[in-house]
Each structure stands twice: as structure tokens, then as C-alpha cells.
>>> print(open('upload38.pdb').read())   # PDB, N, CA and C atoms
ATOM      1  N   MET G   1      57.193  81.592  78.818
ATOM      2  CA  MET G   1      57.864  82.854  78.989
ATOM      3  C   MET G   1      59.103  82.869  78.098
ATOM      4  N   GLY G   2      59.278  83.961  77.367
ATOM      5  CA  GLY G   2      60.414  84.071  76.474
ATOM      6  C   GLY G   2      61.680  84.491  77.219
ATOM      7  N   TRP G   3      62.822  84.215  76.574
ATOM      8  CA  TRP G   3      64.110  84.543  77.192
ATOM      9  C   TRP G   3      64.307  86.054  77.323
ATOM     10  N   GLY G   4      63.730  86.834  76.442
ATOM     11  CA  GLY G   4      63.845  88.290  76.538
ATOM     12  C   GLY G   4      63.181  88.833  77.793
ATOM     13  N   LEU G   5      62.017  88.278  78.122
ATOM     14  CA  LEU G   5      61.313  88.706  79.326
ATOM     15  C   LEU G   5      62.076  88.279  80.579
ATOM     16  N   VAL G   6      62.637  87.090  80.567
ATOM     17  CA  VAL G   6      63.422  86.607  81.713
ATOM     18  C   VAL G   6      64.647  87.493  81.917
ATOM     19  N   PHE G   7      65.326  87.820  80.833
ATOM     20  CA  PHE G   7      66.516  88.675  80.913
ATOM     21  C   PHE G   7      66.149  90.068  81.417
ATOM     22  N   THR G   8      65.051  90.616  80.937
ATOM     23  CA  THR G   8      64.611  91.945  81.363
ATOM     24  C   THR G   8      64.271  91.951  82.849
ATOM     25  N   LEU G   9      63.536  90.956  83.309
ATOM     26  CA  LEU G   9      63.168  90.900  84.724
ATOM     27  C   LEU G   9      64.376  90.656  85.622
ATOM     28  N   ALA G  10      65.364  89.925  85.118
ATOM     29  CA  ALA G  10      66.563  89.655  85.918
ATOM     30  C   ALA G  10      67.483  90.873  85.981
ATOM     31  N   SER G  11      67.551  91.659  84.910
ATOM     32  CA  SER G  11      68.477  92.786  84.875
ATOM     33  C   SER G  11      67.874  94.070  85.428
ATOM     34  N   LEU G  12      66.562  94.145  85.556
ATOM     35  CA  LEU G  12      65.917  95.358  86.046
ATOM     36  C   LEU G  12      66.364  95.736  87.462
ATOM     37  N   PRO G  13      66.436  94.816  88.431
ATOM     38  CA  PRO G  13      66.908  95.220  89.773
ATOM     39  C   PRO G  13      68.361  95.697  89.762
ATOM     40  N   ILE G  14      69.185  95.127  88.905
ATOM     41  CA  ILE G  14      70.582  95.555  88.822
ATOM     42  C   ILE G  14      70.663  96.979  88.294
ATOM     43  N   ILE G  15      69.895  97.300  87.274
ATOM     44  CA  ILE G  15      69.902  98.645  86.701
ATOM     45  C   ILE G  15      69.364  99.661  87.709
ATOM     46  N   VAL G  16      68.294  99.315  88.415
ATOM     47  CA  VAL G  16      67.742 100.213  89.432
ATOM     48  C   VAL G  16      68.761 100.441  90.546
ATOM     49  N   ALA G  17      69.459  99.393  90.974
ATOM     50  CA  ALA G  17      70.468  99.533  92.019
ATOM     51  C   ALA G  17      71.616 100.430  91.551
ATOM     52  N   MET G  18      72.021 100.317  90.290
ATOM     53  CA  MET G  18      73.091 101.168  89.760
ATOM     54  C   MET G  18      72.661 102.629  89.716
ATOM     55  N   ILE G  19      71.428 102.905  89.363
ATOM     56  CA  ILE G  19      70.935 104.285  89.320
ATOM     57  C   ILE G  19      70.872 104.869  90.728
ATOM     58  N   ILE G  20      70.377 104.089  91.688
ATOM     59  CA  ILE G  20      70.302 104.561  93.068
ATOM     60  C   ILE G  20      71.702 104.826  93.615
ATOM     61  N   TYR G  21      72.643 103.944  93.341
ATOM     62  CA  TYR G  21      74.022 104.138  93.799
ATOM     63  C   TYR G  21      74.640 105.391  93.172
ATOM     64  N   ALA G  22      74.407 105.619  91.885
ATOM     65  CA  ALA G  22      74.958 106.800  91.208
ATOM     66  C   ALA G  22      74.390 108.082  91.798
ATOM     67  N   LEU G  23      73.115 108.091  92.132
ATOM     68  CA  LEU G  23      72.517 109.282  92.726
ATOM     69  C   LEU G  23      72.954 109.477  94.175
ATOM     70  N   TRP G  24      73.162 108.397  94.900
ATOM     71  CA  TRP G  24      73.554 108.467  96.303
ATOM     72  C   TRP G  24      75.009 108.891  96.458
ATOM     73  N   ASN G  25      75.875 108.514  95.529
ATOM     74  CA  ASN G  25      77.313 108.706  95.649
ATOM     75  C   ASN G  25      77.798 109.971  94.941
ATOM     76  N   ARG G  26      76.934 110.945  94.726
ATOM     77  CA  ARG G  26      77.341 112.173  94.051
ATOM     78  C   ARG G  26      78.095 113.079  95.010
ATOM     79  N   PRO G  27      79.141 113.758  94.531
ATOM     80  CA  PRO G  27      79.872 114.671  95.416
ATOM     81  C   PRO G  27      79.064 115.935  95.695
ATOM     82  N   GLN G  28      79.288 116.502  96.860
ATOM     83  CA  GLN G  28      78.601 117.733  97.218
ATOM     84  C   GLN G  28      79.314 118.905  96.559
ATOM     85  N   LYS G  29      78.551 119.784  95.925
ATOM     86  CA  LYS G  29      79.164 120.916  95.245
ATOM     87  C   LYS G  29      79.451 122.066  96.203
ATOM     88  N   ASN G  30      78.637 122.250  97.217
ATOM     89  CA  ASN G  30      78.827 123.354  98.144
ATOM     90  C   ASN G  30      79.239 122.865  99.531
ATOM     91  N   GLY G  31      79.796 121.687  99.595
ATOM     92  CA  GLY G  31      80.205 121.125 100.874
ATOM     93  C   GLY G  31      81.535 121.696 101.341
ATOM     94  N   PRO G  32      82.038 121.184 102.443
ATOM     95  CA  PRO G  32      83.320 121.668 102.956
ATOM     96  C   PRO G  32      84.451 121.318 101.992
ATOM     97  N   LYS G  33      85.352 122.248 101.825
ATOM     98  CA  LYS G  33      86.486 122.053 100.920
ATOM     99  C   LYS G  33      87.653 121.446 101.689
ATOM    100  N   GLN G  34      88.369 120.561 101.024
ATOM    101  CA  GLN G  34      89.564 119.985 101.628
ATOM    102  C   GLN G  34      90.699 120.975 101.454
ATOM    103  N   THR G  35      91.391 121.272 102.544
ATOM    104  CA  THR G  35      92.497 122.212 102.447
ATOM    105  C   THR G  35      93.691 121.518 101.814
ATOM    106  N   ARG G  36      94.280 122.178 100.841
ATOM    107  CA  ARG G  36      95.442 121.634 100.145
ATOM    108  C   ARG G  36      96.519 122.693 100.121
ATOM    109  N   GLY G  37      97.738 122.255  99.981
ATOM    110  CA  GLY G  37      98.842 123.199  99.911
ATOM    111  C   GLY G  37      99.361 123.520 101.295
ATOM    112  N   THR G  38      99.973 124.683 101.434
ATOM    113  CA  THR G  38     100.586 125.062 102.697
ATOM    114  C   THR G  38     100.063 126.414 103.131
ATOM    115  N   THR G  39     100.314 126.726 104.380
ATOM    116  CA  THR G  39      99.996 128.055 104.871
ATOM    117  C   THR G  39     101.096 129.004 104.425
ATOM    118  N   PRO G  40     100.843 130.307 104.404
ATOM    119  CA  PRO G  40     101.887 131.239 103.961
ATOM    120  C   PRO G  40     103.152 131.182 104.803
ATOM    121  N   SER G  41     103.045 130.818 106.082
ATOM    122  CA  SER G  41     104.240 130.755 106.921
ATOM    123  C   SER G  41     105.136 129.570 106.564
ATOM    124  N   GLN G  42     104.591 128.550 105.935
ATOM    125  CA  GLN G  42     105.406 127.392 105.552
ATOM    126  C   GLN G  42     106.173 127.651 104.278
ATOM    127  N   ASN G  43     105.672 128.517 103.417
ATOM    128  CA  ASN G  43     106.346 128.916 102.193
ATOM    129  C   ASN G  43     106.787 127.719 101.363
ATOM    130  N   GLY G  44     105.895 126.788 101.112
ATOM    131  CA  GLY G  44     106.221 125.631 100.304
ATOM    132  C   GLY G  44     104.958 124.945  99.827
ATOM    133  N   VAL G  45     105.123 123.788  99.227
ATOM    134  CA  VAL G  45     104.020 122.997  98.703
ATOM    135  C   VAL G  45     104.070 121.627  99.357
ATOM    136  N   ILE G  46     102.907 121.109  99.768
ATOM    137  CA  ILE G  46     102.855 119.776 100.362
ATOM    138  C   ILE G  46     102.687 118.765  99.239
ATOM    139  N   ALA G  47     103.594 117.792  99.193
ATOM    140  CA  ALA G  47     103.504 116.705  98.220
ATOM    141  C   ALA G  47     103.362 115.408  98.994
ATOM    142  N   GLY G  48     102.538 114.512  98.479
ATOM    143  CA  GLY G  48     102.306 113.264  99.180
ATOM    144  C   GLY G  48     102.292 112.095  98.226
ATOM    145  N   GLY G  49     102.581 110.948  98.769
ATOM    146  CA  GLY G  49     102.538 109.727  97.993
ATOM    147  C   GLY G  49     102.270 108.565  98.914
ATOM    148  N   GLY G  50     101.924 107.450  98.342
ATOM    149  CA  GLY G  50     101.636 106.308  99.177
ATOM    150  C   GLY G  50     101.633 105.012  98.404
ATOM    151  N   ILE G  51     101.663 103.929  99.157
ATOM    152  CA  ILE G  51     101.625 102.579  98.600
ATOM    153  C   ILE G  51     100.503 101.840  99.299
ATOM    154  N   ASP G  52      99.671 101.179  98.527
ATOM    155  CA  ASP G  52      98.614 100.364  99.091
ATOM    156  C   ASP G  52      98.852  98.939  98.634
ATOM    157  N   GLY G  53      99.270  98.087  99.548
ATOM    158  CA  GLY G  53      99.593  96.718  99.198
ATOM    159  C   GLY G  53      98.460  95.744  99.436
ATOM    160  N   GLY G  54      97.277  96.217  99.733
ATOM    161  CA  GLY G  54      96.166  95.323  99.972
ATOM    162  C   GLY G  54      95.952  95.006 101.441
ATOM    163  N   ARG G  55      97.002  95.059 102.245
ATOM    164  CA  ARG G  55      96.903  94.791 103.682
ATOM    165  C   ARG G  55      97.238  96.043 104.476
ATOM    166  N   GLY G  56      96.820  97.146 104.013
ATOM    167  CA  GLY G  56      97.208  98.405 104.637
ATOM    168  C   GLY G  56      98.161  99.111 103.700
ATOM    169  N   GLY G  57      98.632 100.226 104.085
ATOM    170  CA  GLY G  57      99.496 100.958 103.187
ATOM    171  C   GLY G  57     100.395 101.898 103.946
ATOM    172  N   HIS G  58     101.037 102.738 103.175
ATOM    173  CA  HIS G  58     101.971 103.694 103.739
ATOM    174  C   HIS G  58     101.791 105.004 102.998
ATOM    175  N   ASN G  59     101.579 106.075 103.722
ATOM    176  CA  ASN G  59     101.480 107.405 103.137
ATOM    177  C   ASN G  59     102.601 108.264 103.672
ATOM    178  N   HIS G  60     103.127 109.101 102.807
ATOM    179  CA  HIS G  60     104.221 109.977 103.209
ATOM    180  C   HIS G  60     103.974 111.358 102.613
ATOM    181  N   TYR G  61     104.105 112.386 103.434
ATOM    182  CA  TYR G  61     103.928 113.754 102.977
ATOM    183  C   TYR G  61     105.178 114.540 103.302
ATOM    184  N   VAL G  62     105.578 115.415 102.397
ATOM    185  CA  VAL G  62     106.755 116.238 102.607
ATOM    186  C   VAL G  62     106.429 117.648 102.118
ATOM    187  N   VAL G  63     106.956 118.641 102.827
ATOM    188  CA  VAL G  63     106.803 120.027 102.404
ATOM    189  C   VAL G  63     107.979 120.364 101.497
ATOM    190  N   ILE G  64     107.678 120.731 100.254
ATOM    191  CA  ILE G  64     108.720 121.110  99.299
ATOM    192  C   ILE G  64     108.847 122.628  99.341
ATOM    193  N   PRO G  65     109.974 123.125  99.831
ATOM    194  CA  PRO G  65     110.133 124.570  99.953
ATOM    195  C   PRO G  65     110.342 125.235  98.595
ATOM    196  N   ARG G  66     110.033 126.532  98.538
ATOM    197  CA  ARG G  66     110.213 127.285  97.301
ATOM    198  C   ARG G  66     111.621 127.859  97.182
ATOM    199  N   ASP G  67     112.313 127.997  98.286
ATOM    200  CA  ASP G  67     113.678 128.515  98.274
ATOM    201  C   ASP G  67     114.621 127.446  97.710
ATOM    202  N   PRO G  68     115.449 127.763  96.685
ATOM    203  CA  PRO G  68     116.308 126.738  96.060
ATOM    204  C   PRO G  68     117.298 126.087  97.022
ATOM    205  N   GLN G  69     117.910 126.873  97.930
ATOM    206  CA  GLN G  69     118.862 126.274  98.877
ATOM    207  C   GLN G  69     118.158 125.348  99.860
ATOM    208  N   GLU G  70     116.999 125.766 100.325
ATOM    209  CA  GLU G  70     116.231 124.921 101.251
ATOM    210  C   GLU G  70     115.723 123.667 100.537
ATOM    211  N   TYR G  71     115.332 123.806  99.281
ATOM    212  CA  TYR G  71     114.895 122.659  98.481
ATOM    213  C   TYR G  71     116.022 121.633  98.365
ATOM    214  N   THR G  72     117.232 122.120  98.069
ATOM    215  CA  THR G  72     118.380 121.215  97.947
ATOM    216  C   THR G  72     118.658 120.507  99.268
ATOM    217  N   ARG G  73     118.565 121.234 100.381
ATOM    218  CA  ARG G  73     118.818 120.627 101.681
ATOM    219  C   ARG G  73     117.796 119.551 102.016
ATOM    220  N   VAL G  74     116.525 119.817 101.683
ATOM    221  CA  VAL G  74     115.457 118.854 102.017
ATOM    222  C   VAL G  74     115.500 117.646 101.100
ATOM    223  N   MET G  75     115.770 117.839  99.812
ATOM    224  CA  MET G  75     115.677 116.750  98.841
ATOM    225  C   MET G  75     116.961 115.936  98.682
ATOM    226  N   THR G  76     118.057 116.369  99.286
ATOM    227  CA  THR G  76     119.297 115.587  99.203
ATOM    228  C   THR G  76     119.163 114.348 100.075
ATOM    229  N   PRO G  77     119.490 113.172  99.532
ATOM    230  CA  PRO G  77     119.387 111.939 100.339
ATOM    231  C   PRO G  77     120.302 111.988 101.546
ATOM    232  N   LYS G  78     119.813 111.482 102.653
ATOM    233  CA  LYS G  78     120.602 111.428 103.886
ATOM    234  C   LYS G  78     121.511 110.207 103.831
ATOM    235  N   LYS G  79     122.712 110.338 104.382
ATOM    236  CA  LYS G  79     123.646 109.206 104.392
ATOM    237  C   LYS G  79     123.494 108.396 105.638
TER     238      LYS G  79
END
>>> encode(input="upload38.pdb", output="C-alpha cells")
Amino acid sequence: MGWGLVFTLASLPIIVAMIIYALWNRPQKNGPKQTRGTTPSQNGVIAGGGIDGGRGGHNHYVVIPRDPQEYTRVMTPKK
């Protein structure tokens, strides 16, 4: 048996598994939409960030108001 045939037979299951995974993991085009942003009563934009350290993480979300005075009040560091 030649090395080309051995390589082909060894790599064929890996390629088939990659194709099956790619077809299985496709996003739904008409599925439920994730709600983003804010409701009109909040009058702002939701911004989020997080840290993933490998042993869990930390996520933080804040509503950034559109009003300049309210923005300054929210974004000023607390003492």
C-alpha cells in the first residue's frame, strides 16, 4: 500500500467530520432575533463588555443615555 492511499484513508474521516460540523453549525436565517439596544422609554444605548479569564468571567452592561447632561452624570467616575 502506498503512502498516498494511507494518507487519503486517514484524512477522509476528518474531512467528512468537518463538512458535517459546518452544515450542522449554520446559523438560522429566519430564527428568533436577539433584541439589542434599548426600549424607547430608556432613551439610550446598551453597551456591554466582559473579561473571560478561563475560569469564568465578568460581564458588565450599562445604559448610555442620549442626553448630554445625563451622559456626563452616568460616565463620571464615582469617588
>>> resolve_selection(input="upload38.pdb", expression="the PyMOL selection byres ((chain G and resi 66) around 8)", output="list in words")
Gln42, Asn43, Gly44, Val45, Val63, Ile64, Pro65, Asp67, Pro68, Gln69, Glu70 and Tyr71 of chain G
>>> residues_around(input="upload38.pdb", residues="G:Gly50", least_positions_apart="5", cutoff="8 Å", atoms="all atoms listed in the file", output="list in words")
Gly57, His58, Asn59, His60 and Tyr61 of chain G
>>> atom_distance(input="upload38.pdb", atom1="atom C of G:Val6", atom2="atom N of G:Ile19")
18.4 Å
>>> atom_distance(input="upload38.pdb", atom1="atom CA of G:Trp3", atom2="atom CA of G:Met18")
22.7 Å
>>> atom_distance(input="upload38.pdb", atom1="atom CA of G:Thr8", atom2="atom CA of G:Leu23")
22.2 Å
